[in-house]
Amino acid sequence: MPKLPDMLAMLQAGMHFGHLTSKRHPKMQPFIFGQRSNINIIDLEKTATQLQIALNFVTEKVANGGTVLFASTKLQAGPLIEKYAKECGMPYITNRWIGGTLTNFGSIIRLPKKLKDLEGKFERGEMKKYTKKEQLAFQNEITKLKEVVEGMKTLEKLPDVLFVCDLKKDRTALSEAKKRKIPVVAISDTNTNPAGVDYIIPANDDAVKSLDIVIKLMSEAVAEGIAKRNA
């Protein structure tokens with residue numbers, strides 16, 4: 001199993017820092033250790049427990065053939081989502097969540113398919129029959145599609161798990177996942193409402209080091225699941 005960081009590493013990453021006590025969501029109270037200078041302090045022992053449960057779930061789901069969609073439109077999370085999703089070969093969304101990505105999957109999935117088709121035609125030289133103006137129009141279409149669906153090119157069916165990093169920024173993704181009965185794993189800060197999340201990971205969702213730890217571990221859990229699947 002992926003090795004969890006020790007308490008010192010979690011503290012150094014700032015995983016324990018929540019938001020102002022005035023912004024605390026009551027449903028996150030069970031995961032709060034206390035407060036310091038009006039800042040909620042997350043109970044890292046509970047974070048470690050919840051994180052291990054989430055990682056175990058992801059590993060087993062992937063081992064049984066499941067796909068995990070890594071998603072977050074949060075600025076500081078985007079590069080990490082892309083990096084670690086690519087490392088474990090899973091689909092990802094970072095720039096923009098298209099409404100209906102899960103609830104209208106049959107229509108949305110045509111976009112990454114179209115992107116792959118256009119890229120393939122350029123690679124095979126099939127676009128040479130078009131004028132330079134027409135080729136430029138196709139190139140512009142590829143650029144626009146890549147901005148929103150580049151990470152979805154490997155997604156051929158509804159994901160079996162949705163992993164998100166910010167329950168405020170990614171609320172639409174959570175809502176769609178629940179409508180399609182897709183289990184959700186999510187980083188939940190003290191100011192967020194974790195209702196509807198199947199596997200809550202209480203942690204700082206703003207600090208890059210905190211995000212890096214969780215997203216990397218999620219990628220490692222996927223990789224272990226793939227290894228089990230192929231064993």
# chains A, B, ... in the order shown; residues from 1 in each chain; ligands from 1
$ select_by_dssp --residues "region 25-223 of chain A" --states "strand (DSSP E)" --output "list in words"
Ile32, Phe33, Gly34, Gln35, Arg36, Ile39, Asn40, Ile41, Ile42, Val68, Leu69, Phe70, Ala71, Tyr92, Ile93, Val161, Leu162, Phe163, Val164, Val184, Val185, Ala186, Ile187, Ser188, Tyr199, Ile200, Ile201 and Pro202 of chain A
$ write_last_selection --atoms "N, CA and C atoms" --output "mmCIF file, in the first residue's frame"
data_model
loop_
_atom_site.group_PDB
_atom_site.id
_atom_site.type_symbol
_atom_site.label_atom_id
_atom_site.label_comp_id
_atom_site.auth_asym_id
_atom_site.auth_seq_id
_atom_site.Cartn_x
_atom_site.Cartn_y
_atom_site.Cartn_z
ATOM 1 N N ILE A 32 -12.088 18.252 13.466
ATOM 2 C CA ILE A 32 -11.331 19.408 13.952
ATOM 3 C C ILE A 32 -10.781 19.136 15.346
ATOM 4 N N PHE A 33 -9.487 19.338 15.502
ATOM 5 C CA PHE A 33 -8.803 19.092 16.773
ATOM 6 C C PHE A 33 -9.024 20.247 17.743
ATOM 7 N N GLY A 34 -8.971 21.465 17.222
ATOM 8 C CA GLY A 34 -9.110 22.645 18.065
ATOM 9 C C GLY A 34 -8.959 23.904 17.237
ATOM 10 N N GLN A 35 -8.533 24.976 17.864
ATOM 11 C CA GLN A 35 -8.326 26.209 17.134
ATOM 12 C C GLN A 35 -7.109 26.953 17.666
ATOM 13 N N ARG A 36 -6.522 27.749 16.788
ATOM 14 C CA ARG A 36 -5.355 28.548 17.162
ATOM 15 C C ARG A 36 -5.460 29.884 16.432
ATOM 16 N N ILE A 39 -8.106 30.125 13.913
ATOM 17 C CA ILE A 39 -7.956 29.220 12.768
ATOM 18 C C ILE A 39 -8.285 27.801 13.224
ATOM 19 N N ASN A 40 -9.122 27.118 12.490
ATOM 20 C CA ASN A 40 -9.427 25.722 12.800
ATOM 21 C C ASN A 40 -8.205 24.856 12.568
ATOM 22 N N ILE A 41 -7.944 23.944 13.486
ATOM 23 C CA ILE A 41 -6.833 23.001 13.346
ATOM 24 C C ILE A 41 -7.403 21.604 13.133
ATOM 25 N N ILE A 42 -7.056 21.017 12.004
ATOM 26 C CA ILE A 42 -7.569 19.690 11.642
ATOM 27 C C ILE A 42 -6.844 18.603 12.431
ATOM 28 N N VAL A 68 -10.529 5.866 -12.267
ATOM 29 C CA VAL A 68 -10.661 7.017 -11.371
ATOM 30 C C VAL A 68 -10.489 8.292 -12.176
ATOM 31 N N LEU A 69 -11.462 9.185 -12.085
ATOM 32 C CA LEU A 69 -11.353 10.486 -12.739
ATOM 33 C C LEU A 69 -10.814 11.489 -11.732
ATOM 34 N N PHE A 70 -9.614 12.008 -11.989
ATOM 35 C CA PHE A 70 -9.005 13.039 -11.158
ATOM 36 C C PHE A 70 -9.532 14.391 -11.647
ATOM 37 N N ALA A 71 -10.111 15.183 -10.766
ATOM 38 C CA ALA A 71 -10.682 16.449 -11.236
ATOM 39 C C ALA A 71 -10.542 17.563 -10.212
ATOM 40 N N TYR A 92 -8.251 12.973 -16.440
ATOM 41 C CA TYR A 92 -8.266 14.113 -15.518
ATOM 42 C C TYR A 92 -8.954 15.314 -16.161
ATOM 43 N N ILE A 93 -9.431 16.210 -15.305
ATOM 44 C CA ILE A 93 -10.024 17.481 -15.726
ATOM 45 C C ILE A 93 -9.443 18.569 -14.845
ATOM 46 N N VAL A 161 -14.906 6.010 -10.057
ATOM 47 C CA VAL A 161 -14.628 6.832 -8.877
ATOM 48 C C VAL A 161 -14.317 8.253 -9.346
ATOM 49 N N LEU A 162 -14.786 9.243 -8.590
ATOM 50 C CA LEU A 162 -14.423 10.637 -8.839
ATOM 51 C C LEU A 162 -13.585 11.124 -7.665
ATOM 52 N N PHE A 163 -12.421 11.682 -7.954
ATOM 53 C CA PHE A 163 -11.561 12.252 -6.916
ATOM 54 C C PHE A 163 -11.467 13.751 -7.152
ATOM 55 N N VAL A 164 -11.864 14.545 -6.147
ATOM 56 C CA VAL A 164 -11.806 16.003 -6.263
ATOM 57 C C VAL A 164 -11.045 16.603 -5.082
ATOM 58 N N VAL A 184 -17.467 9.135 -4.509
ATOM 59 C CA VAL A 184 -16.616 10.325 -4.520
ATOM 60 C C VAL A 184 -15.607 10.284 -3.381
ATOM 61 N N VAL A 185 -14.343 10.523 -3.724
ATOM 62 C CA VAL A 185 -13.263 10.701 -2.755
ATOM 63 C C VAL A 185 -12.886 12.172 -2.828
ATOM 64 N N ALA A 186 -12.828 12.858 -1.691
ATOM 65 C CA ALA A 186 -12.566 14.293 -1.751
ATOM 66 C C ALA A 186 -11.768 14.814 -0.567
ATOM 67 N N ILE A 187 -10.873 15.756 -0.858
ATOM 68 C CA ILE A 187 -10.216 16.517 0.197
ATOM 69 C C ILE A 187 -11.263 17.489 0.735
ATOM 70 N N SER A 188 -11.440 17.504 2.045
ATOM 71 C CA SER A 188 -12.478 18.345 2.651
ATOM 72 C C SER A 188 -11.852 19.255 3.697
ATOM 73 N N TYR A 199 -15.868 9.221 0.671
ATOM 74 C CA TYR A 199 -14.585 9.050 1.357
ATOM 75 C C TYR A 199 -13.980 10.426 1.592
ATOM 76 N N ILE A 200 -14.163 10.928 2.821
ATOM 77 C CA ILE A 200 -13.711 12.269 3.192
ATOM 78 C C ILE A 200 -12.259 12.230 3.647
ATOM 79 N N ILE A 201 -11.452 13.136 3.096
ATOM 80 C CA ILE A 201 -10.061 13.294 3.525
ATOM 81 C C ILE A 201 -9.930 14.691 4.107
ATOM 82 N N PRO A 202 -10.054 14.852 5.432
ATOM 83 C CA PRO A 202 -9.961 16.180 6.035
ATOM 84 C C PRO A 202 -8.537 16.719 5.958
#
$ closest_atom_pairs --of "region 158-194 of chain A" --to "region 74-81 of chain A" --cutoff "12 Å" --atoms "only C-alpha atoms" --output "tab-separated table"
residue	atom	partner	partner_atom	distance
A:Phe163	CA	A:Ile81	CA	9.7
A:Val164	CA	A:Ile81	CA	9.2
A:Cys165	CA	A:Ala77	CA	7.2
A:Asp166	CA	A:Lys74	CA	7.1
A:Leu167	CA	A:Lys74	CA	10.1
A:Lys168	CA	A:Lys74	CA	9.5
A:Lys169	CA	A:Lys74	CA	6.5
A:Asp170	CA	A:Lys74	CA	8.1
A:Arg171	CA	A:Lys74	CA	11.6
A:Ile187	CA	A:Ala77	CA	11.2
$ write_last_selection --atoms "N, CA, C and O atoms" --output "PDB file, in the first residue's frame"
ATOM      1  N   PHE A 163     -12.421  11.682  -7.954  1.00  0.00           N
ATOM      2  CA  PHE A 163     -11.561  12.252  -6.916  1.00  0.00           C
ATOM      3  C   PHE A 163     -11.467  13.751  -7.152  1.00  0.00           C
ATOM      4  O   PHE A 163     -11.057  14.195  -8.230  1.00  0.00           O
ATOM      5  N   VAL A 164     -11.864  14.545  -6.147  1.00  0.00           N
ATOM      6  CA  VAL A 164     -11.806  16.003  -6.263  1.00  0.00           C
ATOM      7  C   VAL A 164     -11.045  16.603  -5.082  1.00  0.00           C
ATOM      8  O   VAL A 164     -10.904  15.971  -4.033  1.00  0.00           O
ATOM      9  N   CYS A 165     -10.583  17.848  -5.272  1.00  0.00           N
ATOM     10  CA  CYS A 165      -9.713  18.483  -4.278  1.00  0.00           C
ATOM     11  C   CYS A 165     -10.328  19.655  -3.521  1.00  0.00           C
ATOM     12  O   CYS A 165      -9.765  20.094  -2.529  1.00  0.00           O
ATOM     13  N   ASP A 166     -11.435  20.177  -3.995  1.00  0.00           N
ATOM     14  CA  ASP A 166     -12.026  21.359  -3.358  1.00  0.00           C
ATOM     15  C   ASP A 166     -13.546  21.258  -3.498  1.00  0.00           C
ATOM     16  O   ASP A 166     -14.077  21.409  -4.594  1.00  0.00           O
ATOM     17  N   LEU A 167     -14.228  21.047  -2.390  1.00  0.00           N
ATOM     18  CA  LEU A 167     -15.668  20.829  -2.445  1.00  0.00           C
ATOM     19  C   LEU A 167     -16.472  22.082  -2.754  1.00  0.00           C
ATOM     20  O   LEU A 167     -17.671  21.998  -3.011  1.00  0.00           O
ATOM     21  N   LYS A 168     -15.837  23.229  -2.746  1.00  0.00           N
ATOM     22  CA  LYS A 168     -16.508  24.460  -3.168  1.00  0.00           C
ATOM     23  C   LYS A 168     -16.325  24.646  -4.678  1.00  0.00           C
ATOM     24  O   LYS A 168     -17.284  24.836  -5.420  1.00  0.00           O
ATOM     25  N   LYS A 169     -15.077  24.574  -5.132  1.00  0.00           N
ATOM     26  CA  LYS A 169     -14.791  24.726  -6.564  1.00  0.00           C
ATOM     27  C   LYS A 169     -15.370  23.577  -7.385  1.00  0.00           C
ATOM     28  O   LYS A 169     -15.788  23.765  -8.520  1.00  0.00           O
ATOM     29  N   ASP A 170     -15.371  22.381  -6.785  1.00  0.00           N
ATOM     30  CA  ASP A 170     -15.767  21.182  -7.527  1.00  0.00           C
ATOM     31  C   ASP A 170     -17.167  20.693  -7.161  1.00  0.00           C
ATOM     32  O   ASP A 170     -17.488  19.517  -7.329  1.00  0.00           O
ATOM     33  N   ARG A 171     -18.008  21.601  -6.672  1.00  0.00           N
ATOM     34  CA  ARG A 171     -19.351  21.227  -6.232  1.00  0.00           C
ATOM     35  C   ARG A 171     -20.201  20.640  -7.368  1.00  0.00           C
ATOM     36  O   ARG A 171     -20.962  19.696  -7.171  1.00  0.00           O
ATOM     37  N   ILE A 187     -10.873  15.756  -0.858  1.00  0.00           N
ATOM     38  CA  ILE A 187     -10.216  16.517   0.197  1.00  0.00           C
ATOM     39  C   ILE A 187     -11.263  17.489   0.735  1.00  0.00           C
ATOM     40  O   ILE A 187     -11.917  18.194  -0.031  1.00  0.00           O
TER      41      ILE A 187
END
$ atom_distance --atom1 "CA of Ala207 (chain A)" --atom2 "CA of Thr190 (chain A)"
13.5 Å
$ atom_distance --atom1 "CA of Asn193 (chain A)" --atom2 "CA of Arg96 (chain A)"
21.4 Å
$ residues_around --residues "Ser219 (chain A)" --least-positions-apart "4" --cutoff "7 Å" --atoms "only C-alpha atoms" --output "MDAnalysis selection string"
chainID A and resid 84:85 88 215 223
$ select_by_dssp --residues "region 10-222 of chain A" --states "alpha helix (DSSP H)" --output "ChimeraX atom specification"
/A:10-12,44-63,78-88,105-108,110-123,132-149,171-179,208-222
$ atom_distance --atom1 "CA of Pro159 (chain A)" --atom2 "CA of Pro194 (chain A)"
20.4 Å
$ residues_around --residues "Met7 (chain A)" --least-positions-apart "4" --cutoff "9 Å" --atoms "only C-alpha atoms" --output "ChimeraX atom specification"
/A:11-12,44-45,48
$ residues_around --residues "region 56-64 of chain A" --least-positions-apart "5" --cutoff "7 Å" --atoms "only C-alpha atoms" --output "PDB file with all heavy atoms, in the first residue's frame"
ATOM      1  N   ALA A 221      -2.023   4.827  -5.131  1.00  0.00           N
ATOM      2  CA  ALA A 221      -3.063   3.831  -4.856  1.00  0.00           C
ATOM      3  C   ALA A 221      -3.608   3.264  -6.164  1.00  0.00           C
ATOM      4  O   ALA A 221      -3.866   2.059  -6.273  1.00  0.00           O
ATOM      5  CB  ALA A 221      -4.194   4.466  -4.039  1.00  0.00           C
ATOM      6  N   VAL A 222      -3.772   4.128  -7.160  1.00  0.00           N
ATOM      7  CA  VAL A 222      -4.226   3.671  -8.486  1.00  0.00           C
ATOM      8  C   VAL A 222      -3.194   2.727  -9.083  1.00  0.00           C
ATOM      9  O   VAL A 222      -3.526   1.658  -9.608  1.00  0.00           O
ATOM     10  CB  VAL A 222      -4.457   4.874  -9.430  1.00  0.00           C
ATOM     11  CG1 VAL A 222      -4.654   4.388 -10.862  1.00  0.00           C
ATOM     12  CG2 VAL A 222      -5.669   5.678  -8.978  1.00  0.00           C
ATOM     13  N   GLU A 224      -1.034   0.885  -7.640  1.00  0.00           N
ATOM     14  CA  GLU A 224      -1.035  -0.402  -6.947  1.00  0.00           C
ATOM     15  C   GLU A 224      -2.228  -1.247  -7.401  1.00  0.00           C
ATOM     16  O   GLU A 224      -2.117  -2.458  -7.579  1.00  0.00           O
ATOM     17  CB  GLU A 224      -1.101  -0.190  -5.428  1.00  0.00           C
ATOM     18  CG  GLU A 224      -1.107  -1.506  -4.671  1.00  0.00           C
ATOM     19  CD  GLU A 224      -0.904  -1.329  -3.172  1.00  0.00           C
ATOM     20  OE1 GLU A 224      -0.289  -0.338  -2.772  1.00  0.00           O
ATOM     21  OE2 GLU A 224      -1.371  -2.195  -2.419  1.00  0.00           O
ATOM     22  N   GLY A 225      -3.362  -0.585  -7.603  1.00  0.00           N
ATOM     23  CA  GLY A 225      -4.541  -1.303  -8.089  1.00  0.00           C
ATOM     24  C   GLY A 225      -4.308  -1.885  -9.464  1.00  0.00           C
ATOM     25  O   GLY A 225      -4.717  -3.029  -9.748  1.00  0.00           O
ATOM     26  N   ILE A 226      -3.639  -1.135 -10.335  1.00  0.00           N
ATOM     27  CA  ILE A 226      -3.333  -1.620 -11.680  1.00  0.00           C
ATOM     28  C   ILE A 226      -2.388  -2.817 -11.611  1.00  0.00           C
ATOM     29  O   ILE A 226      -2.545  -3.802 -12.344  1.00  0.00           O
ATOM     30  CB  ILE A 226      -2.720  -0.499 -12.528  1.00  0.00           C
ATOM     31  CG1 ILE A 226      -3.766   0.586 -12.805  1.00  0.00           C
ATOM     32  CG2 ILE A 226      -2.165  -1.046 -13.858  1.00  0.00           C
ATOM     33  CD1 ILE A 226      -3.224   1.826 -13.486  1.00  0.00           C
ATOM     34  N   LYS A 228      -2.141  -4.957  -9.164  1.00  0.00           N
ATOM     35  CA  LYS A 228      -2.920  -6.102  -8.688  1.00  0.00           C
ATOM     36  C   LYS A 228      -3.764  -6.683  -9.821  1.00  0.00           C
ATOM     37  O   LYS A 228      -3.887  -7.909  -9.946  1.00  0.00           O
ATOM     38  CB  LYS A 228      -3.841  -5.662  -7.542  1.00  0.00           C
ATOM     39  CG  LYS A 228      -3.162  -5.495  -6.201  1.00  0.00           C
ATOM     40  CD  LYS A 228      -4.198  -5.232  -5.108  1.00  0.00           C
ATOM     41  CE  LYS A 228      -3.559  -5.198  -3.735  1.00  0.00           C
ATOM     42  NZ  LYS A 228      -4.583  -4.996  -2.672  1.00  0.00           N
ATOM     43  N   ARG A 229      -4.334  -5.784 -10.613  1.00  0.00           N
ATOM     44  CA  ARG A 229      -5.176  -6.206 -11.723  1.00  0.00           C
ATOM     45  C   ARG A 229      -4.367  -7.043 -12.731  1.00  0.00           C
ATOM     46  O   ARG A 229      -4.883  -8.016 -13.289  1.00  0.00           O
ATOM     47  CB  ARG A 229      -5.750  -4.979 -12.431  1.00  0.00           C
ATOM     48  CG  ARG A 229      -6.690  -5.283 -13.579  1.00  0.00           C
ATOM     49  CD  ARG A 229      -6.882  -4.068 -14.461  1.00  0.00           C
ATOM     50  NE  ARG A 229      -7.317  -2.877 -13.751  1.00  0.00           N
ATOM     51  CZ  ARG A 229      -7.422  -1.686 -14.308  1.00  0.00           C
ATOM     52  NH1 ARG A 229      -7.084  -1.530 -15.592  1.00  0.00           N
ATOM     53  NH2 ARG A 229      -7.814  -0.645 -13.603  1.00  0.00           N
TER      54      ARG A 229
END
$ closest_residue --among "A:Gln135, A:Asp43, A:Thr101, A:Met90" --to "Gly14 (chain A)" --atoms "only C-alpha atoms"
A:Asp43
$ residues_around --residues "Lys181 (chain A)" --least-positions-apart "3" --cutoff "12 Å" --atoms "only C-alpha atoms" --output "number ranges by chain"
A: 102-103, 158-162, 174-178, 184, 196-198
$ closest_residue --among "A:Thr49, A:Ser210, A:Asn95, A:Gln139" --to "Met15 (chain A)" --atoms "only C-alpha atoms"
A:Ser210
$ closest_residue --among "A:Lys209, A:Lys146, A:Lys216, A:Lys179" --to "Phe17 (chain A)" --atoms "only C-alpha atoms"
A:Lys209
$ residues_around --residues "region 104-112 of chain A" --least-positions-apart "2" --cutoff "10 Å" --atoms "only C-alpha atoms" --output "list in words"
Ile98, Gly99, Gly100, Thr101, Leu102, Lys114, Leu115, Lys116, Asp117, Leu118, Ile142, Leu145, Lys146, Val148, Val149, Glu150, Gly151, Met152, Lys153, Thr154, Leu155, Glu156, Lys157, Leu158, Glu176 and Arg180 of chain A
$ decode --residues "region 76-87 of chain A" --atoms "all heavy atoms" --output "tab-separated table (two decimals), in the first residue's frame"
chain	number	residue	atom	x	y	z
A	76	GLN	N	-4.15	26.01	-7.93
A	76	GLN	CA	-2.94	25.36	-7.42
A	76	GLN	C	-2.99	23.84	-7.50
A	76	GLN	O	-1.96	23.16	-7.43
A	76	GLN	CB	-2.63	25.81	-5.99
A	76	GLN	CG	-3.71	25.57	-4.96
A	76	GLN	CD	-4.63	26.76	-4.79
A	76	GLN	OE1	-5.16	27.27	-5.75
A	76	GLN	NE2	-4.81	27.18	-3.55
A	77	ALA	N	-4.19	23.29	-7.67
A	77	ALA	CA	-4.32	21.83	-7.76
A	77	ALA	C	-4.16	21.32	-9.18
A	77	ALA	O	-3.73	20.18	-9.39
A	77	ALA	CB	-5.67	21.39	-7.19
A	78	GLY	N	-4.51	22.15	-10.16
A	78	GLY	CA	-4.51	21.72	-11.56
A	78	GLY	C	-3.24	21.04	-12.03
A	78	GLY	O	-3.29	19.91	-12.55
A	79	PRO	N	-2.07	21.68	-11.88
A	79	PRO	CA	-0.83	21.04	-12.34
A	79	PRO	C	-0.55	19.71	-11.65
A	79	PRO	O	-0.01	18.79	-12.27
A	79	PRO	CB	0.24	22.08	-12.00
A	79	PRO	CG	-0.50	23.38	-11.96
A	79	PRO	CD	-1.84	23.04	-11.38
A	80	LEU	N	-0.91	19.61	-10.37
A	80	LEU	CA	-0.67	18.37	-9.63
A	80	LEU	C	-1.62	17.27	-10.10
A	80	LEU	O	-1.21	16.11	-10.25
A	80	LEU	CB	-0.87	18.61	-8.13
A	80	LEU	CG	0.09	19.62	-7.48
A	80	LEU	CD1	-0.34	19.93	-6.05
A	80	LEU	CD2	1.52	19.08	-7.50
A	81	ILE	N	-2.87	17.64	-10.34
A	81	ILE	CA	-3.85	16.68	-10.85
A	81	ILE	C	-3.37	16.12	-12.19
A	81	ILE	O	-3.37	14.90	-12.42
A	81	ILE	CB	-5.23	17.35	-11.03
A	81	ILE	CG1	-5.90	17.57	-9.67
A	81	ILE	CG2	-6.12	16.53	-11.96
A	81	ILE	CD1	-6.48	16.33	-9.04
A	82	GLU	N	-2.93	16.99	-13.07
A	82	GLU	CA	-2.46	16.55	-14.39
A	82	GLU	C	-1.23	15.66	-14.27
A	82	GLU	O	-1.17	14.58	-14.88
A	82	GLU	CB	-2.14	17.76	-15.27
A	82	GLU	CG	-1.64	17.37	-16.65
A	82	GLU	CD	-1.39	18.56	-17.57
A	82	GLU	OE1	-1.74	19.70	-17.18
A	82	GLU	OE2	-0.85	18.36	-18.67
A	83	LYS	N	-0.28	16.09	-13.47
A	83	LYS	CA	0.98	15.34	-13.30
A	83	LYS	C	0.72	13.93	-12.78
A	83	LYS	O	1.18	12.94	-13.38
A	83	LYS	CB	1.90	16.08	-12.33
A	83	LYS	CG	3.17	15.31	-11.98
A	83	LYS	CD	3.97	16.04	-10.90
A	83	LYS	CE	5.18	15.21	-10.48
A	83	LYS	NZ	5.95	15.88	-9.39
A	84	TYR	N	-0.01	13.83	-11.67
A	84	TYR	CA	-0.17	12.53	-11.03
A	84	TYR	C	-1.19	11.64	-11.74
A	84	TYR	O	-1.08	10.41	-11.70
A	84	TYR	CB	-0.51	12.71	-9.55
A	84	TYR	CG	0.65	13.25	-8.75
A	84	TYR	CD1	0.56	14.46	-8.06
A	84	TYR	CD2	1.86	12.57	-8.71
A	84	TYR	CE1	1.64	14.96	-7.34
A	84	TYR	CE2	2.95	13.06	-7.99
A	84	TYR	CZ	2.83	14.25	-7.31
A	84	TYR	OH	3.91	14.75	-6.60
A	85	ALA	N	-2.17	12.24	-12.39
A	85	ALA	CA	-3.12	11.42	-13.16
A	85	ALA	C	-2.39	10.79	-14.35
A	85	ALA	O	-2.61	9.62	-14.67
A	85	ALA	CB	-4.28	12.29	-13.65
A	86	LYS	N	-1.52	11.56	-14.99
A	86	LYS	CA	-0.74	11.02	-16.10
A	86	LYS	C	0.18	9.90	-15.64
A	86	LYS	O	0.35	8.90	-16.33
A	86	LYS	CB	0.09	12.13	-16.76
A	86	LYS	CG	-0.71	13.06	-17.66
A	86	LYS	CD	0.20	14.11	-18.29
A	86	LYS	CE	-0.54	14.98	-19.28
A	86	LYS	NZ	0.34	16.02	-19.87
A	87	GLU	N	0.76	10.07	-14.45
A	87	GLU	CA	1.70	9.07	-13.94
A	87	GLU	C	1.02	7.71	-13.74
A	87	GLU	O	1.64	6.67	-13.93
A	87	GLU	CB	2.31	9.54	-12.62
A	87	GLU	CG	3.40	10.60	-12.80
A	87	GLU	CD	4.12	10.91	-11.51
A	87	GLU	OE1	3.86	10.25	-10.48
A	87	GLU	OE2	4.96	11.84	-11.52
